[in-house]
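Next up, query-v4.cif (mmCIF, C-alpha atoms; chains and numbers go by the auth columns):
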data_target
loop_
_atom_site.group_PDB
_atom_site.id
_atom_site.type_symbol
_atom_site.label_atom_id
_atom_site.label_comp_id
_atom_site.label_asym_id
_atom_site.label_seq_id
_atom_site.Cartn_x
_atom_site.Cartn_y
_atom_site.Cartn_z
_atom_site.B_iso_or_equiv
_atom_site.auth_seq_id
_atom_site.auth_asym_id
ATOM 1 C CA MET A 1 144.829 78.912 55.167 0.00 1 Y
ATOM 2 C CA THR A 2 145.435 75.998 57.485 0.00 2 Y
ATOM 3 C CA VAL A 3 142.971 73.204 58.156 0.00 3 Y
ATOM 4 C CA GLU A 4 142.398 74.471 61.705 0.00 4 Y
ATOM 5 C CA VAL A 5 141.693 78.024 60.529 0.00 5 Y
ATOM 6 C CA ALA A 6 139.350 76.737 57.824 0.00 6 Y
ATOM 7 C CA LEU A 7 137.425 74.691 60.387 0.00 7 Y
ATOM 8 C CA SER A 8 137.127 77.766 62.624 0.00 8 Y
ATOM 9 C CA VAL A 9 135.906 79.917 59.724 0.00 9 Y
ATOM 10 C CA MET A 10 133.350 77.289 58.774 0.00 10 Y
ATOM 11 C CA ALA A 11 132.092 77.013 62.350 0.00 11 Y
ATOM 12 C CA ALA A 12 131.755 80.794 62.661 0.00 12 Y
ATOM 13 C CA ALA A 13 129.980 81.050 59.307 0.00 13 Y
ATOM 14 C CA ARG A 14 127.806 77.997 60.060 0.00 14 Y
ATOM 15 C CA THR A 15 128.622 76.445 56.713 0.00 15 Y
ATOM 16 C CA GLY A 16 129.657 72.969 55.679 0.00 16 Y
ATOM 17 C CA GLN A 17 131.967 73.918 52.816 0.00 17 Y
ATOM 18 C CA LEU A 18 134.414 76.549 51.618 0.00 18 Y
ATOM 19 C CA VAL A 19 135.379 77.638 48.125 0.00 19 Y
ATOM 20 C CA VAL A 20 139.128 77.210 47.629 0.00 20 Y
ATOM 21 C CA CYS A 21 141.006 79.641 45.384 0.00 21 Y
ATOM 22 C CA ASP A 22 144.641 79.714 44.324 0.00 22 Y
ATOM 23 C CA GLU A 23 147.052 82.629 44.788 0.00 23 Y
ATOM 24 C CA ASP A 24 145.618 84.357 41.704 0.00 24 Y
ATOM 25 C CA GLY A 25 142.031 84.178 42.951 0.00 25 Y
ATOM 26 C CA MET A 26 141.087 81.376 40.561 0.00 26 Y
ATOM 27 C CA CYS A 27 138.530 78.936 41.930 0.00 27 Y
ATOM 28 C CA ILE A 28 140.041 75.459 42.141 0.00 28 Y
ATOM 29 C CA GLY A 29 137.455 73.533 44.170 0.00 29 Y
ATOM 30 C CA LEU A 30 135.595 73.057 47.402 0.00 30 Y
ATOM 31 C CA VAL A 31 136.522 71.651 50.764 0.00 31 Y
ATOM 32 C CA THR A 32 133.939 70.286 53.183 0.00 32 Y
ATOM 33 C CA ARG A 33 133.939 70.198 56.959 0.00 33 Y
ATOM 34 C CA ASP A 34 133.920 66.390 56.829 0.00 34 Y
ATOM 35 C CA ARG A 35 136.989 66.357 54.557 0.00 35 Y
ATOM 36 C CA LEU A 36 138.870 68.829 56.763 0.00 36 Y
ATOM 37 C CA THR A 37 138.052 66.848 59.889 0.00 37 Y
ATOM 38 C CA ALA A 38 139.202 63.604 58.285 0.00 38 Y
ATOM 39 C CA VAL A 39 142.488 65.196 57.175 0.00 39 Y
ATOM 40 C CA ARG A 40 143.086 66.778 60.588 0.00 40 Y
ATOM 41 C CA ASP A 41 142.407 63.504 62.375 0.00 41 Y
ATOM 42 C CA GLY A 42 144.542 61.469 59.942 0.00 42 Y
ATOM 43 C CA SER A 43 147.955 60.102 60.849 0.00 43 Y
ATOM 44 C CA GLY A 44 149.697 62.130 58.114 0.00 44 Y
ATOM 45 C CA TYR A 45 148.346 65.508 59.237 0.00 45 Y
ATOM 46 C CA THR A 46 150.712 68.435 59.646 0.00 46 Y
ATOM 47 C CA ASP A 47 149.999 72.149 59.936 0.00 47 Y
ATOM 48 C CA ARG A 48 151.704 72.603 56.546 0.00 48 Y
ATOM 49 C CA ILE A 49 148.869 70.981 54.583 0.00 49 Y
ATOM 50 C CA ARG A 50 147.312 73.553 52.257 0.00 50 Y
ATOM 51 C CA LEU A 51 143.623 73.610 51.413 0.00 51 Y
ATOM 52 C CA ARG A 52 144.375 73.544 47.694 0.00 52 Y
ATOM 53 C CA ASP A 53 146.080 70.172 48.177 0.00 53 Y
ATOM 54 C CA ILE A 54 142.990 68.580 49.705 0.00 54 Y
ATOM 55 C CA ALA A 55 140.182 70.450 47.906 0.00 55 Y
ATOM 56 C CA ASP A 56 137.689 68.423 45.920 0.00 56 Y
ATOM 57 C CA VAL A 57 137.712 69.568 42.310 0.00 57 Y
ATOM 58 C CA ILE A 58 134.064 69.706 41.341 0.00 58 Y
ATOM 59 C CA GLY A 59 134.262 71.549 38.039 0.00 59 Y
ATOM 60 C CA PRO A 60 132.917 72.568 35.755 0.00 60 Y
ATOM 61 C CA PHE A 61 131.696 75.303 38.043 0.00 61 Y
ATOM 62 C CA ALA A 62 128.449 77.209 37.669 0.00 62 Y
ATOM 63 C CA SER A 63 128.416 80.013 35.128 0.00 63 Y
ATOM 64 C CA PRO A 64 126.857 83.404 35.881 0.00 64 Y
ATOM 65 C CA LEU A 65 125.063 82.981 32.535 0.00 65 Y
ATOM 66 C CA ALA A 66 123.325 79.716 33.513 0.00 66 Y
ATOM 67 C CA THR A 67 119.570 79.800 33.825 0.00 67 Y
ATOM 68 C CA ARG A 68 117.946 79.002 37.132 0.00 68 Y
ATOM 69 C CA ALA A 69 116.673 75.677 35.772 0.00 69 Y
ATOM 70 C CA GLU A 70 120.151 74.688 34.524 0.00 70 Y
ATOM 71 C CA ALA A 71 121.748 75.571 37.846 0.00 71 Y
ATOM 72 C CA GLU A 72 119.133 73.672 39.875 0.00 72 Y
ATOM 73 C CA ARG A 73 119.457 70.592 37.669 0.00 73 Y
ATOM 74 C CA ALA A 74 123.258 70.594 37.935 0.00 74 Y
ATOM 75 C CA MET A 75 123.132 71.030 41.712 0.00 75 Y
ATOM 76 C CA ARG A 76 120.691 68.174 42.168 0.00 76 Y
ATOM 77 C CA CYS A 77 122.484 65.801 39.749 0.00 77 Y
ATOM 78 C CA ARG A 78 125.907 66.457 41.257 0.00 78 Y
ATOM 79 C CA ARG A 79 124.551 66.674 44.822 0.00 79 Y
ATOM 80 C CA LEU A 80 126.190 70.002 45.523 0.00 80 Y
ATOM 81 C CA GLY A 81 124.742 72.151 48.256 0.00 81 Y
ATOM 82 C CA ALA A 82 126.383 75.384 47.130 0.00 82 Y
ATOM 83 C CA PRO A 83 128.559 75.230 44.015 0.00 83 Y
ATOM 84 C CA PRO A 84 130.866 78.140 43.227 0.00 84 Y
ATOM 85 C CA VAL A 85 129.943 80.542 40.454 0.00 85 Y
ATOM 86 C CA VAL A 86 132.967 81.548 38.396 0.00 86 Y
ATOM 87 C CA ASP A 87 133.494 83.968 35.554 0.00 87 Y
ATOM 88 C CA GLY A 88 135.117 83.128 32.227 0.00 88 Y
ATOM 89 C CA HIS A 89 138.568 83.548 33.777 0.00 89 Y
ATOM 90 C CA GLY A 90 137.971 81.182 36.693 0.00 90 Y
ATOM 91 C CA ASN A 91 137.517 83.900 39.319 0.00 91 Y
ATOM 92 C CA ALA A 92 135.026 83.051 42.051 0.00 92 Y
ATOM 93 C CA LEU A 93 132.007 85.376 42.023 0.00 93 Y
ATOM 94 C CA GLY A 94 129.925 83.672 44.713 0.00 94 Y
ATOM 95 C CA VAL A 95 127.987 80.497 45.385 0.00 95 Y
ATOM 96 C CA LEU A 96 124.540 79.168 44.503 0.00 96 Y
ATOM 97 C CA ALA A 97 122.223 77.682 47.089 0.00 97 Y
ATOM 98 C CA LEU A 98 118.863 75.972 46.787 0.00 98 Y
ATOM 99 C CA SER A 99 116.089 77.404 48.919 0.00 99 Y
ATOM 100 C CA ARG A 100 113.899 74.945 50.757 0.00 100 Y
#

Can the structure from this file be put into structure tokens for me?
Amino acid sequence: MTVEVALSVMAAARTGQLVVCDEDGMCIGLVTRDRLTAVRDGSGYTDRIRLRDIADVIGPFASPLATRAEAERAMRCRRLGAPPVVDGHGNALGVLALSR
């Protein structure tokens, strides 16, 4: 996915971040709207930049076996709005979000 496509997807989904996976479906990180915008507006930007090359690695990712309290504590300490949940093989299962 290109930076421009990712920005369009994020705008349509009204989200500030995307989970980035490699070709095998393994979760490798997150990319934020701010990061994508900065890359796009940078002098070294080309349409060949891949999301995996600019994703922020935020591991370890949330486990589906984590308790609610553990997940909330990790999200607050690491200041993550919606961390990916991955299985034991690194496959993305979804994201966690705090309710307000």

Which is closest to Val57 in chain Y among Y:Gly29, Y:His89, Y:Pro83, Y:Leu36, if we use all atoms listed in the file?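 Counting all atoms listed in the file, the residue closest to Val57 in chain Y is Y:Gly29.
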
Grab the CA of Ala92 in chain Y to CA of Glu4 in chain Y distance for me, in Å with one decimal place.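 Separation of CA of Ala92 in chain Y and CA of Glu4 in chain Y: 22.7 Å.
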
Atom pair CA of Leu93 in chain Y / CA of Gly25 in chain Y: separation (Å):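 Rounded to one decimal, the two atoms are 10.1 Å apart.
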
Would you translate the PyMOL selection byres ((chain Y and resi 7) around 12) into the concrete set of residues it matches in this file, as a short mmCIF file (atom, residue, chain, number, x, y, z; two decimals) with C-alpha atoms, in the frame of the given file?
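See selection-v7.cif below for the written result:
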data_model
loop_
_atom_site.label_atom_id
_atom_site.label_comp_id
_atom_site.auth_asym_id
_atom_site.auth_seq_id
_atom_site.Cartn_x
_atom_site.Cartn_y
_atom_site.Cartn_z
CA MET Y 1 144.83 78.91 55.17
CA THR Y 2 145.44 76.00 57.48
CA VAL Y 3 142.97 73.20 58.16
CA GLU Y 4 142.40 74.47 61.70
CA VAL Y 5 141.69 78.02 60.53
CA ALA Y 6 139.35 76.74 57.82
CA SER Y 8 137.13 77.77 62.62
CA VAL Y 9 135.91 79.92 59.72
CA MET Y 10 133.35 77.29 58.77
CA ALA Y 11 132.09 77.01 62.35
CA ALA Y 12 131.76 80.79 62.66
CA ALA Y 13 129.98 81.05 59.31
CA ARG Y 14 127.81 78.00 60.06
CA THR Y 15 128.62 76.44 56.71
CA GLY Y 16 129.66 72.97 55.68
CA GLN Y 17 131.97 73.92 52.82
CA LEU Y 18 134.41 76.55 51.62
CA VAL Y 31 136.52 71.65 50.76
CA THR Y 32 133.94 70.29 53.18
CA ARG Y 33 133.94 70.20 56.96
CA ASP Y 34 133.92 66.39 56.83
CA ARG Y 35 136.99 66.36 54.56
CA LEU Y 36 138.87 68.83 56.76
CA THR Y 37 138.05 66.85 59.89
CA ALA Y 38 139.20 63.60 58.28
CA VAL Y 39 142.49 65.20 57.18
CA ARG Y 40 143.09 66.78 60.59
CA LEU Y 51 143.62 73.61 51.41
#

I want to know what sits within 10 Å of Asp24 in chain Y, based on all atoms listed in the file, with residues of the same chain fewer than 2 positions away left out; could you give that as a ChimeraX atom specification? /Y:21-22,26-27,90-91

Evaluate the PyMOL selection byres ((chain Y and resi 60-70) around 6) on the structure here and hand back the selected residues as a count of residues only. 7

Record the distance separating CA of Leu96 in chain Y and CA of Met75 in chain Y, expressed in Å with one decimal.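 Computing it gives 8.7 Å between the two atoms.
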
For range 32-44 of chain Y, take all atoms listed in the file, fit an axis-aligned box around them, add 5 Å to each of the six sides, then output centre and edge lengths in Å rounded to one decimal, as AutoDock Vina command-line options.
--center_x 141.8 --center_y 65.2 --center_z 57.8 --size_x 25.8 --size_y 20.2 --size_z 19.2

Can you work out which one of Y:Ala55, Y:Arg48, Y:Ala97, Y:Asp87 has the shortest atom-to-atom distance to Ile28 in chain Y, counting all atoms listed in the file?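 That would be Y:Ala55, the residue with the smallest distance to Ile28 in chain Y.
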